[in-house]
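J.: Input structure: my_file36.cif, which contains mmCIF, C-alpha atoms.
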```cif
data_structure
loop_
_atom_site.label_atom_id
_atom_site.label_comp_id
_atom_site.auth_asym_id
_atom_site.auth_seq_id
_atom_site.Cartn_x
_atom_site.Cartn_y
_atom_site.Cartn_z
CA MET A 13 88.38 94.41 112.74
CA SER A 14 89.60 90.85 113.02
CA SER A 15 88.32 89.39 116.27
CA THR A 16 91.26 86.97 116.23
CA LEU A 17 93.74 89.81 116.49
CA ALA A 18 91.98 91.56 119.33
CA ARG A 19 91.47 88.42 121.37
CA THR A 20 93.59 85.30 121.12
CA MET A 21 91.94 81.94 120.66
CA SER A 22 91.19 80.03 123.86
CA SER A 23 93.49 77.06 124.36
CA HIS A 24 94.77 74.76 127.08
CA ASP A 25 98.10 74.36 128.85
CA ASP A 26 99.65 70.99 129.61
CA THR A 27 97.53 70.59 132.75
CA GLY A 28 94.31 71.12 130.80
CA ALA A 29 93.57 74.47 132.45
CA LEU A 30 91.77 76.91 130.19
CA ILE A 31 93.86 79.85 129.06
CA PRO A 32 91.75 83.02 129.35
CA ASP A 33 90.53 84.48 126.06
CA LEU A 34 92.15 87.87 126.66
CA PRO A 35 94.13 90.28 124.46
CA LEU A 36 97.90 90.07 124.67
CA PRO A 37 99.52 93.04 126.47
CA ILE A 38 101.92 93.71 123.64
CA VAL A 39 103.65 96.65 121.94
CA ARG A 40 105.67 96.48 118.74
CA SER A 41 108.88 98.53 118.77
CA PRO A 42 110.34 99.20 115.31
CA MET A 43 114.00 98.80 114.36
CA LEU A 44 114.76 101.11 111.43
CA ASP A 45 117.71 101.43 109.10
CA SER A 46 119.52 104.72 108.43
CA ARG A 47 116.91 105.62 105.79
CA GLY A 48 114.03 105.15 108.22
CA GLN A 49 112.85 101.89 106.65
CA LEU A 50 111.69 98.98 108.79
CA VAL A 51 114.17 96.17 109.42
CA ALA A 52 112.29 94.32 112.16
CA TYR A 53 110.00 94.75 115.14
CA GLU A 54 110.68 93.87 118.72
CA LEU A 55 107.51 92.60 120.39
CA LEU A 56 107.46 93.90 123.94
CA PHE A 57 105.15 92.43 126.57
CA HIS A 58 103.85 94.18 129.65
CA ARG A 59 104.76 91.28 131.94
CA ASP A 60 105.72 92.70 135.33
CA GLU A 61 102.30 94.21 135.93
CA LEU A 62 100.47 90.92 135.44
CA GLY A 63 101.63 89.23 138.65
CA PRO A 64 103.91 86.23 139.24
CA ASP A 65 101.32 83.61 138.26
CA ALA A 66 100.55 85.16 134.89
CA GLU A 67 103.86 84.51 133.09
CA ALA A 68 103.05 80.93 132.08
CA THR A 69 99.56 81.88 130.94
CA LEU A 70 100.93 84.80 128.92
CA MET A 71 103.45 82.55 127.19
CA ARG A 72 100.76 79.98 126.33
CA ARG A 73 98.55 82.67 124.87
CA LEU A 74 101.55 83.93 122.91
CA LEU A 75 102.15 80.46 121.56
CA ALA A 76 98.51 80.30 120.42
CA THR A 77 98.92 83.54 118.45
CA ILE A 78 102.05 82.17 116.77
CA THR A 79 100.32 78.91 115.90
CA ASP A 80 97.17 80.43 114.40
CA GLY A 81 99.01 83.16 112.47
CA VAL A 82 97.80 86.15 114.49
CA MET A 83 101.36 87.18 115.32
CA THR A 84 102.28 87.21 111.64
CA ARG A 85 99.41 89.58 110.89
CA LEU A 86 100.42 91.84 113.77
CA VAL A 87 103.87 92.35 112.25
CA ARG A 88 102.56 92.28 108.65
CA GLY A 89 104.92 89.45 107.68
CA ASN A 90 108.02 91.40 108.68
CA ARG A 91 110.77 89.97 110.84
CA ALA A 92 110.03 90.25 114.55
CA PHE A 93 112.04 89.43 117.65
CA LEU A 94 110.52 88.50 120.99
CA ARG A 95 111.54 87.09 124.35
CA LEU A 96 110.15 83.73 125.30
CA SER A 97 110.25 82.02 128.66
CA ARG A 98 112.81 79.29 129.19
CA ASP A 99 110.06 76.68 129.50
CA LEU A 100 108.57 77.66 126.17
CA LEU A 101 111.96 77.56 124.46
CA MET A 102 112.63 74.13 125.87
CA GLU A 103 109.23 72.73 124.86
CA GLN A 104 108.12 74.49 121.68
CA THR A 105 111.10 74.81 119.35
CA ASP A 106 109.21 72.97 116.59
CA VAL A 107 106.56 75.68 116.49
CA LEU A 108 109.20 78.41 116.18
CA ALA A 109 111.02 76.55 113.44
CA HIS A 110 107.88 76.77 111.27
CA HIS A 111 107.77 80.59 111.52
CA PRO A 112 111.07 81.78 110.02
CA ARG A 113 110.19 85.49 110.32
CA LEU A 114 110.00 85.23 114.12
CA GLY A 115 113.33 85.50 115.93
CA ILE A 116 114.29 85.03 119.57
CA ILE A 117 115.99 87.53 121.87
CA VAL A 118 118.68 85.81 123.89
CA ASP A 119 120.19 87.15 127.12
CA PRO A 120 123.91 86.65 127.87
CA THR A 121 122.96 84.80 131.07
CA SER A 122 121.74 81.94 128.86
CA ILE A 123 125.37 80.84 128.49
CA SER A 124 125.27 79.37 132.00
CA ASP A 125 122.19 77.23 131.26
CA ALA A 126 123.60 73.88 130.17
CA ALA A 127 120.26 72.63 128.85
CA LEU A 128 119.17 75.83 127.09
CA VAL A 129 122.31 76.44 125.03
CA PRO A 130 121.90 73.24 122.94
CA ARG A 131 118.25 74.11 122.40
CA LEU A 132 119.21 77.56 121.11
CA GLN A 133 121.80 75.92 118.87
CA GLN A 134 119.09 73.67 117.49
CA LEU A 135 116.89 76.67 116.73
CA ALA A 136 119.77 78.44 114.98
CA GLN A 137 120.50 75.38 112.84
CA ARG A 138 116.85 75.30 111.77
CA GLY A 139 117.08 78.88 110.56
CA CYS A 140 115.59 80.75 113.52
CA ALA A 141 117.21 84.19 113.88
CA LEU A 142 118.73 84.79 117.32
CA LEU A 143 119.33 88.31 118.60
CA LEU A 144 121.92 88.35 121.39
CA ASP A 145 121.06 91.31 123.62
CA LEU A 146 124.36 92.77 124.84
CA SER A 147 122.78 95.87 126.33
CA GLU A 148 123.35 94.72 129.91
CA LEU A 149 127.10 94.24 129.53
CA ASP A 150 129.51 96.50 131.39
CA ALA A 151 130.06 99.56 129.22
CA ASN A 152 133.59 100.07 130.61
CA THR A 153 135.08 96.59 130.34
CA ASP A 154 137.85 95.89 127.83
CA GLU A 155 136.59 92.32 127.32
CA PRO A 156 132.82 92.69 126.98
CA TYR A 157 132.10 89.28 125.48
CA GLY A 158 133.95 87.09 127.97
CA ASN A 159 132.53 83.57 127.72
CA LEU A 160 129.81 84.53 125.22
CA GLU A 161 131.58 83.19 122.13
CA PRO A 162 129.22 80.17 121.82
CA LEU A 163 126.21 82.53 121.77
CA LEU A 164 127.88 84.93 119.34
CA ALA A 165 128.64 81.99 117.04
CA MET A 166 124.96 81.05 116.76
CA ALA A 167 123.48 84.58 116.76
CA THR A 168 122.48 86.42 113.60
CA HIS A 169 121.91 89.78 115.32
CA VAL A 170 123.32 91.57 118.36
CA ARG A 171 122.02 94.61 120.18
CA LEU A 172 124.14 97.25 121.89
CA ASP A 173 122.98 99.90 124.35
CA ALA A 174 123.85 103.00 122.34
CA GLY A 175 122.72 105.25 125.19
CA ALA A 176 125.10 103.71 127.72
CA LEU A 177 128.22 103.55 125.52
CA ASP A 178 130.36 106.57 124.71
CA ALA A 179 130.81 107.39 121.02
CA ARG A 180 134.26 105.75 120.77
CA THR A 181 133.22 102.50 122.46
CA LEU A 182 129.99 102.29 120.45
CA ALA A 183 131.90 102.72 117.20
CA MET A 184 134.53 100.17 118.20
CA ARG A 185 132.08 97.48 119.31
CA SER A 186 129.69 97.91 116.41
CA THR A 187 132.59 97.74 113.93
CA GLU A 188 134.01 94.61 115.57
CA LEU A 189 130.66 92.80 115.70
CA HIS A 190 129.79 93.80 112.14
CA ALA A 191 133.15 92.42 110.99
CA ARG A 192 132.11 89.06 112.47
CA GLY A 193 129.18 88.98 110.07
CA LEU A 194 126.57 89.95 112.67
CA ASP A 195 123.75 92.41 112.08
CA VAL A 196 124.19 95.07 114.76
CA ILE A 197 121.19 96.82 116.33
CA ALA A 198 121.85 100.12 118.09
CA GLY A 199 119.30 100.03 120.90
CA PHE A 200 118.06 102.55 123.46
CA VAL A 201 118.48 105.46 121.07
CA ASP A 202 116.23 107.81 123.00
CA ASP A 203 117.29 111.20 121.67
CA TYR A 204 118.77 112.73 118.54
CA GLU A 205 122.21 113.23 120.05
CA ILE A 206 122.55 109.46 120.45
CA TYR A 207 120.94 108.96 117.03
CA SER A 208 123.58 111.15 115.38
CA ARG A 209 126.29 108.85 116.79
CA CYS A 210 124.68 105.83 115.16
CA GLN A 211 123.84 107.15 111.71
CA HIS A 212 127.21 106.44 110.09
CA LEU A 213 128.18 103.35 112.05
CA PRO A 214 128.04 99.82 110.58
CA VAL A 215 124.69 99.06 112.21
CA GLN A 216 121.79 97.46 110.41
CA ALA A 217 119.12 99.11 112.50
CA ILE A 218 118.48 101.77 115.14
CA GLN A 219 115.84 101.34 117.82
CA GLY A 220 114.55 103.74 120.47
CA ARG A 221 112.27 106.59 121.43
CA TYR A 222 114.04 109.04 119.12
CA LEU A 223 111.54 108.18 116.39
CA LEU A 224 108.66 109.81 118.27
CA LEU A 225 110.57 112.94 119.29
CA PRO A 226 110.89 116.14 117.24
CA GLU A 227 114.33 117.19 116.10
CA GLN A 228 115.50 120.44 117.66
CA PHE A 229 115.99 123.42 115.34
CA GLU A 230 117.01 126.91 116.41
CA VAL A 231 114.76 128.44 113.76
CA PRO A 232 111.88 126.22 112.58
CA VAL A 233 111.34 126.31 108.83
CA LEU A 234 108.47 124.55 107.09
CA THR A 235 109.07 123.17 103.61
CA ALA A 236 106.74 124.19 100.79
CA SER A 237 104.97 120.82 100.88
CA ARG A 238 104.35 121.11 104.63
CA VAL A 239 103.07 124.67 104.30
CA SER A 240 100.67 123.42 101.62
CA LEU A 241 99.54 120.59 103.88
CA LEU A 242 98.92 122.98 106.79
CA ARG A 243 96.91 125.29 104.52
CA LEU A 244 94.66 122.41 103.53
CA MET A 245 94.31 121.35 107.17
CA ASN A 246 93.43 124.95 108.03
CA ALA A 247 90.75 125.07 105.33
CA LEU A 248 89.20 121.91 106.73
CA GLN A 249 88.81 123.56 110.13
CA GLU A 250 87.69 127.07 109.18
CA ASN A 251 84.04 128.05 108.94
CA ASN A 252 82.80 124.61 109.98
CA PRO A 253 82.40 123.20 106.42
CA GLY A 254 79.48 120.90 105.63
CA PRO A 255 79.48 117.89 103.25
CA VAL A 256 79.34 120.02 100.11
CA GLU A 257 82.06 122.41 101.29
CA LEU A 258 84.23 119.49 102.41
CA GLY A 259 84.06 118.00 98.92
CA GLU A 260 84.90 121.33 97.33
CA ILE A 261 87.94 121.86 99.57
CA ILE A 262 89.68 118.71 98.32
CA ARG A 263 88.02 118.59 94.88
CA ASP A 264 91.21 119.60 93.09
CA ASP A 265 93.36 117.04 94.89
CA ALA A 266 92.57 113.97 92.78
CA VAL A 267 95.14 111.78 94.52
CA LEU A 268 93.78 112.54 97.99
CA SER A 269 90.21 111.92 96.83
CA TYR A 270 91.25 108.63 95.21
CA LYS A 271 92.95 107.39 98.37
CA LEU A 272 90.11 108.48 100.62
CA LEU A 273 87.33 106.88 98.59
CA GLY A 274 89.39 103.74 98.08
CA CYS A 275 89.83 103.41 101.82
CA VAL A 276 86.22 104.02 102.90
CA ASN A 277 84.95 101.67 100.18
CA SER A 278 87.36 98.87 101.06
CA ALA A 279 86.21 95.49 102.31
CA TYR A 280 87.59 96.44 105.73
CA PHE A 281 84.56 98.68 106.36
CA ALA A 282 81.99 96.50 104.58
CA LEU A 283 79.72 99.39 103.61
CA PRO A 284 76.25 98.51 102.32
CA ARG A 285 76.85 100.51 99.14
CA GLN A 286 79.74 102.18 97.36
CA LEU A 287 80.36 105.84 98.12
CA LYS A 288 81.18 107.73 94.92
CA SER A 289 82.10 111.19 96.21
CA ILE A 290 83.56 112.94 99.21
CA GLN A 291 80.17 114.59 99.74
CA GLN A 292 78.43 111.20 99.93
CA ALA A 293 81.09 109.94 102.31
CA ALA A 294 80.70 113.02 104.54
CA ILE A 295 76.95 112.49 104.68
CA PHE A 296 77.34 108.79 105.43
CA PHE A 297 80.08 109.08 108.09
CA GLY A 298 79.40 112.62 109.31
CA VAL A 299 81.47 115.72 108.59
CA ALA A 300 83.61 115.52 111.74
CA ARG A 301 84.61 111.92 111.09
CA MET A 302 85.22 112.55 107.42
CA ARG A 303 87.45 115.50 108.26
CA ASN A 304 89.43 113.21 110.54
CA TRP A 305 89.78 110.77 107.66
CA ILE A 306 91.06 113.46 105.34
CA TYR A 307 93.66 114.47 107.92
CA THR A 308 94.60 110.82 108.23
CA MET A 309 95.15 110.40 104.49
CA MET A 310 97.14 113.65 104.32
CA LEU A 311 99.51 112.86 107.17
CA GLY A 312 99.74 109.17 106.33
CA GLY A 313 100.81 110.06 102.80
CA MET A 314 103.86 112.14 103.80
CA ASP A 315 106.62 110.42 101.84
CA ASP A 316 109.55 112.20 103.50
CA ARG A 317 108.97 110.79 106.99
CA PRO A 318 109.60 107.24 108.26
CA PRO A 319 106.57 105.02 107.60
CA GLU A 320 106.65 103.71 111.18
CA LEU A 321 106.31 107.28 112.48
CA LEU A 322 103.21 107.77 110.33
CA ARG A 323 101.78 104.48 111.56
CA ALA A 324 102.45 105.55 115.15
CA ALA A 325 100.38 108.71 114.59
CA LEU A 326 97.50 106.65 113.19
CA ILE A 327 97.68 104.21 116.11
CA ARG A 328 97.56 107.08 118.59
CA ALA A 329 94.54 108.59 116.83
CA HIS A 330 92.52 105.39 116.99
CA MET A 331 93.60 104.63 120.58
CA CYS A 332 92.69 108.12 121.77
CA GLU A 333 89.28 107.86 120.11
CA LYS A 334 88.62 104.52 121.82
CA LEU A 335 89.77 105.82 125.20
CA ALA A 336 87.37 108.75 124.85
CA GLN A 337 84.25 106.61 124.36
CA ASP A 338 83.02 107.45 127.85
CA MET A 339 83.37 111.19 127.21
CA PRO A 340 80.56 113.43 125.88
CA VAL A 341 79.86 112.81 122.19
CA LYS A 342 81.33 116.16 121.11
CA TYR A 343 84.72 115.08 122.44
CA GLN A 344 84.93 111.69 120.72
CA ASP A 345 85.80 112.93 117.22
CA MET A 346 88.05 115.56 118.78
CA ALA A 347 89.90 112.79 120.63
CA PHE A 348 90.85 111.18 117.32
CA MET A 349 92.31 114.49 116.19
CA ALA A 350 94.21 114.95 119.45
CA GLY A 351 95.84 111.55 119.04
CA LEU A 352 96.64 112.05 115.37
CA LEU A 353 98.17 115.48 115.91
CA SER A 354 100.16 114.44 118.99
CA LEU A 355 103.07 113.67 116.63
CA LEU A 356 102.57 116.71 114.40
CA ASP A 357 105.73 118.40 115.68
CA THR A 358 107.77 115.29 114.84
CA LEU A 359 106.11 114.91 111.44
CA MET A 360 106.64 118.58 110.59
CA CYS A 361 110.13 118.86 112.17
CA ALA A 362 109.06 121.97 114.09
CA PRO A 363 107.94 122.81 117.66
CA MET A 364 104.35 121.87 118.46
CA GLU A 365 103.25 125.37 119.43
CA PHE A 366 104.72 126.79 116.21
CA VAL A 367 102.89 124.23 114.05
CA LEU A 368 99.59 124.56 115.89
CA SER A 369 99.70 128.34 115.48
CA HIS A 370 98.86 127.66 111.82
CA LEU A 371 95.72 125.68 112.67
CA PRO A 372 92.41 126.90 114.16
CA LEU A 373 92.00 123.87 116.42
CA ALA A 374 89.54 123.48 119.28
CA PRO A 375 91.00 124.79 122.57
CA GLU A 376 90.74 121.32 124.14
CA ILE A 377 93.11 119.86 121.53
CA HIS A 378 95.57 122.74 121.84
CA GLU A 379 95.58 122.44 125.63
CA ALA A 380 96.33 118.73 125.49
CA LEU A 381 99.15 118.99 122.95
CA VAL A 382 100.87 122.10 124.27
CA GLU A 383 100.00 122.34 127.96
CA ASP A 384 99.25 118.70 128.89
CA ARG A 385 95.86 119.57 130.36
CA GLY A 386 92.18 119.37 129.47
CA PRO A 387 90.00 116.33 128.67
CA PHE A 388 92.50 114.69 126.28
CA ALA A 389 95.60 114.99 128.44
CA ALA A 390 94.81 111.86 130.46
CA PRO A 391 94.14 109.49 127.50
CA LEU A 392 97.25 110.77 125.72
CA ARG A 393 99.34 110.09 128.82
CA GLN A 394 97.92 106.55 128.91
CA ILE A 395 99.00 106.05 125.32
CA TYR A 396 102.51 107.41 125.92
CA ILE A 397 102.98 105.12 128.92
CA TRP A 398 101.73 102.10 126.97
CA GLU A 399 104.05 102.85 124.04
CA ALA A 400 107.05 103.17 126.35
CA GLY A 401 106.27 99.97 128.25
CA GLU A 402 106.26 101.86 131.54
CA LEU A 403 103.11 100.53 133.17
CA GLY A 404 105.14 99.48 136.21
CA ALA A 405 105.57 103.14 137.14
CA THR A 406 101.81 103.64 137.41
CA ASP A 407 99.01 102.37 139.62
CA VAL A 408 97.54 100.19 136.91
CA GLN A 409 94.84 97.57 137.41
CA PRO A 410 94.54 94.26 135.50
CA GLN A 411 91.31 95.38 133.86
CA ASP A 412 93.10 98.50 132.61
CA ILE A 413 95.80 96.35 131.03
CA GLU A 414 93.17 94.20 129.33
CA ARG A 415 91.37 97.24 127.94
CA MET A 416 94.57 98.88 126.70
CA SER A 417 95.72 95.60 125.17
CA ALA A 418 92.52 95.26 123.13
CA ILE A 419 92.57 98.92 122.09
CA TYR A 420 96.23 98.79 121.04
CA LEU A 421 95.84 95.64 118.96
CA GLU A 422 92.71 96.96 117.25
CA SER A 423 94.38 100.31 116.60
CA THR A 424 97.46 98.66 115.15
CA GLU A 425 95.47 96.64 112.63
CA TRP A 426 93.40 99.70 111.75
CA ALA A 427 96.51 101.86 111.29
CA ASP A 428 98.20 99.31 109.05
CA GLN A 429 95.09 99.08 106.89
CA VAL A 430 94.65 102.85 106.57
CA TYR A 431 98.34 103.49 105.99
CA ASN A 432 98.26 101.17 102.99
CA PHE A 433 95.56 103.34 101.41
CA ALA A 434 97.30 106.60 102.35
CA ASN A 435 100.36 105.47 100.39
CA ARG A 436 98.52 103.94 97.47
CA GLN A 437 99.41 105.36 94.09
CA ALA A 438 96.65 106.70 91.85
CA TYR A 439 96.74 105.50 88.25
#
```
Any chance you could put this one into structure tokens?

T.:
Amino acid sequence: MSSTLARTMSSHDDTGALIPDLPLPIVRSPMLDSRGQLVAYELLFHRDELGPDAEATLMRRLLATITDGVMTRLVRGNRAFLRLSRDLLMEQTDVLAHHPRLGIIVDPTSISDAALVPRLQQLAQRGCALLLDLSELDANTDEPYGNLEPLLAMATHVRLDAGALDARTLAMRSTELHARGLDVIAGFVDDYEIYSRCQHLPVQAIQGRYLLLPEQFEVPVLTASRVSLLRLMNALQENNPGPVELGEIIRDDAVLSYKLLGCVNSAYFALPRQLKSIQQAAIFFGVARMRNWIYTMMLGGMDDRPPELLRAALIRAHMCEKLAQDMPVKYQDMAFMAGLLSLLDTLMCAPMEFVLSHLPLAPEIHEALVEDRGPFAAPLRQIYIWEAGELGATDVQPQDIERMSAIYLESTEWADQVYNFANRQAY
């Protein structure tokens, strides 16, 4: 993995004090269009848990990642929005102007800052996208924008709190803002009831926890392609196959074999020699790890689910494996599987217990995914809390934040790399 991504370059603030060479406590939250395709990321920072003296240091480290291109790699060149401190906005607009894919989230309270408003106007004139976050406005007022017209005039995007607005108000405000030429983001879409309100509105993107939640069906039905996928997953678990058997199981799936060998032989892994068969790869990496890789390619290649959902499953797998490094060896490969399958119900559009009934998984994995207990329950809870940005609700220590930051950033780069191979076309 790139050491630059995991740990930002050391630099100095204006006083000459050394900025610690620590990973950024960051999470990327996708904004997706109605087809599930990525429009932009919001980069969320775990700030409140770092203490009052850490804000300036965090912002300086953030600036270093923007300057050396690390932030661009984190978002894969896509548009990304982030909140910056007032001081950084006042001092570093030139840096932002040179990174047109990075946009700024602006709070309505900025309108009362006589010095900041001209600076935001300057950024807008230089082509920096501004997202005006309207989620804190009174949901019941008849005049929600009040004195915000100057900010609306310079913004390219606005975000509404879709969870706080009733269906009529959400439709009215999104239509009005869209008619002004603004790209509307429906935010805080945390369940499928709210999602259904947004699907046919004039919004460019939808953002929220809905993406990681399974849709509710009275009678779960698996499509033919998903039944086939589960059968292959089942075969990989039954009878404890060795390297030869593993190769035979996927021998007839030329596309899967192509993707798998392309991935393990990529420059990312820098192997000493090229692996020419699944059997060789299983001997080199070990059967358990190779089986995890096959699962990864299978799930990552599902073309009827949002790509960001598939990436989320891969990120969880790698994070869970890293968090399990202090566990007994037999649990470490199982931890990867627990993380990867933690979104299986959402990927399959069926209840978790129903889907797992088709797989002969280890009891420890089943316990974690269905009953929230066993050795993998705790690391999975850590991952869920990190994803949701809810560290403030836990008794978290600074060293825990540092560790999770490094693991998340490494897992994100790994997931992006592997996903590219999982979706590669064989020719």

J.: Could you tell me how far CA of Ala126 (chain A) sits from CA of Gly139 (chain A), in Å to one decimal place?

T.: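 CA of Ala126 (chain A) lies 21.3 Å from CA of Gly139 (chain A).
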
J.: Selected by the PyMOL selection byres ((chain A and resi 255-258) around 10) in the shown coordinates: which residues, as a ChimeraX atom specification?

T.: /A:247-249,251-254,259-263,290-296,298-300,302-303,306

J.: Give me, please, the distance in Å between CA of Lys288 (chain A) and CA of Asp265 (chain A), quoted to one decimal.

T.: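 Answer for the CA of Lys288 (chain A) to CA of Asp265 (chain A) separation: 15.3 Å.
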
J.: Given all atoms listed in the file as the basis, pick out the residue of A:Asp145, A:Glu379, A:Asp45, A:Asp428 nearest to Leu164 (chain A).

T.: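 Closest residue, counting all atoms listed in the file: A:Asp145.
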
J.: Using all atoms listed in the file, find the one residue out of A:Asn304, A:Asn246, A:Ser269, A:Gln411 that sits nearest to Pro372 (chain A).

T.: A:Asn246

J.: Return as a ChimeraX atom specification the set of residues that the PyMOL selection byres ((chain A and resi 386-399) around 10) yields on the displayed structure.

T.: /A:37-41,56,58,221,324,327-329,331-336,339,343-344,346-348,350-351,354,375-385,400-406,413,416-417,420

J.: Give me the residues near Asn435 (chain A) as a list in words, where near means some atom within 6 Å (using all atoms listed in the file) and where sequence neighbours in that chain fewer than 2 positions away do not count.

T.: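 Selected residues are Gly313, Asn432 and Phe433 of chain A.
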
J.: Write out as CSV a residue-level contact list of region 227-307 of chain A versus region 359-371 of chain A with cut-off 10 Å: for each qualifying residue the closest pair of atoms and the distance in Å to one decimal, counting only C-alpha atoms, rows sorted by chain and residue number upward.

T.:
```
residue,atom,partner,partner_atom,distance
A:Glu227,CA,A:Cys361,CA,6.0
A:Gln228,CA,A:Ala362,CA,7.5
A:Phe229,CA,A:Ala362,CA,7.2
A:Glu230,CA,A:Ala362,CA,9.6
A:Val231,CA,A:Ala362,CA,8.6
A:Pro232,CA,A:Ala362,CA,5.3
A:Val233,CA,A:Ala362,CA,7.2
A:Leu234,CA,A:Met360,CA,7.2
A:Thr235,CA,A:Met360,CA,8.7
A:Arg238,CA,A:Met360,CA,6.9
A:Val239,CA,A:His370,CA,9.1
A:Leu241,CA,A:Met360,CA,10.0
A:Leu242,CA,A:His370,CA,6.9
A:Arg243,CA,A:His370,CA,7.9
A:Leu244,CA,A:Leu371,CA,9.8
A:Met245,CA,A:Leu371,CA,7.1
A:Asn246,CA,A:Leu371,CA,5.2
A:Ala247,CA,A:Leu371,CA,8.9
A:Leu248,CA,A:Leu371,CA,9.6
A:Gln249,CA,A:Leu371,CA,7.7
A:Glu250,CA,A:Leu371,CA,8.9
```

J.: Residues at most 8 Å from region 189-202 of chain A, counting all atoms listed in the file, excluding those fewer than 6 positions away in the same chain, as JSON, numbers by chain?

T.: {"A": [43, 147, 167, 168, 169, 170, 171, 172, 173, 174, 175, 210, 214, 215, 216, 217, 218, 219, 220, 221, 222]}
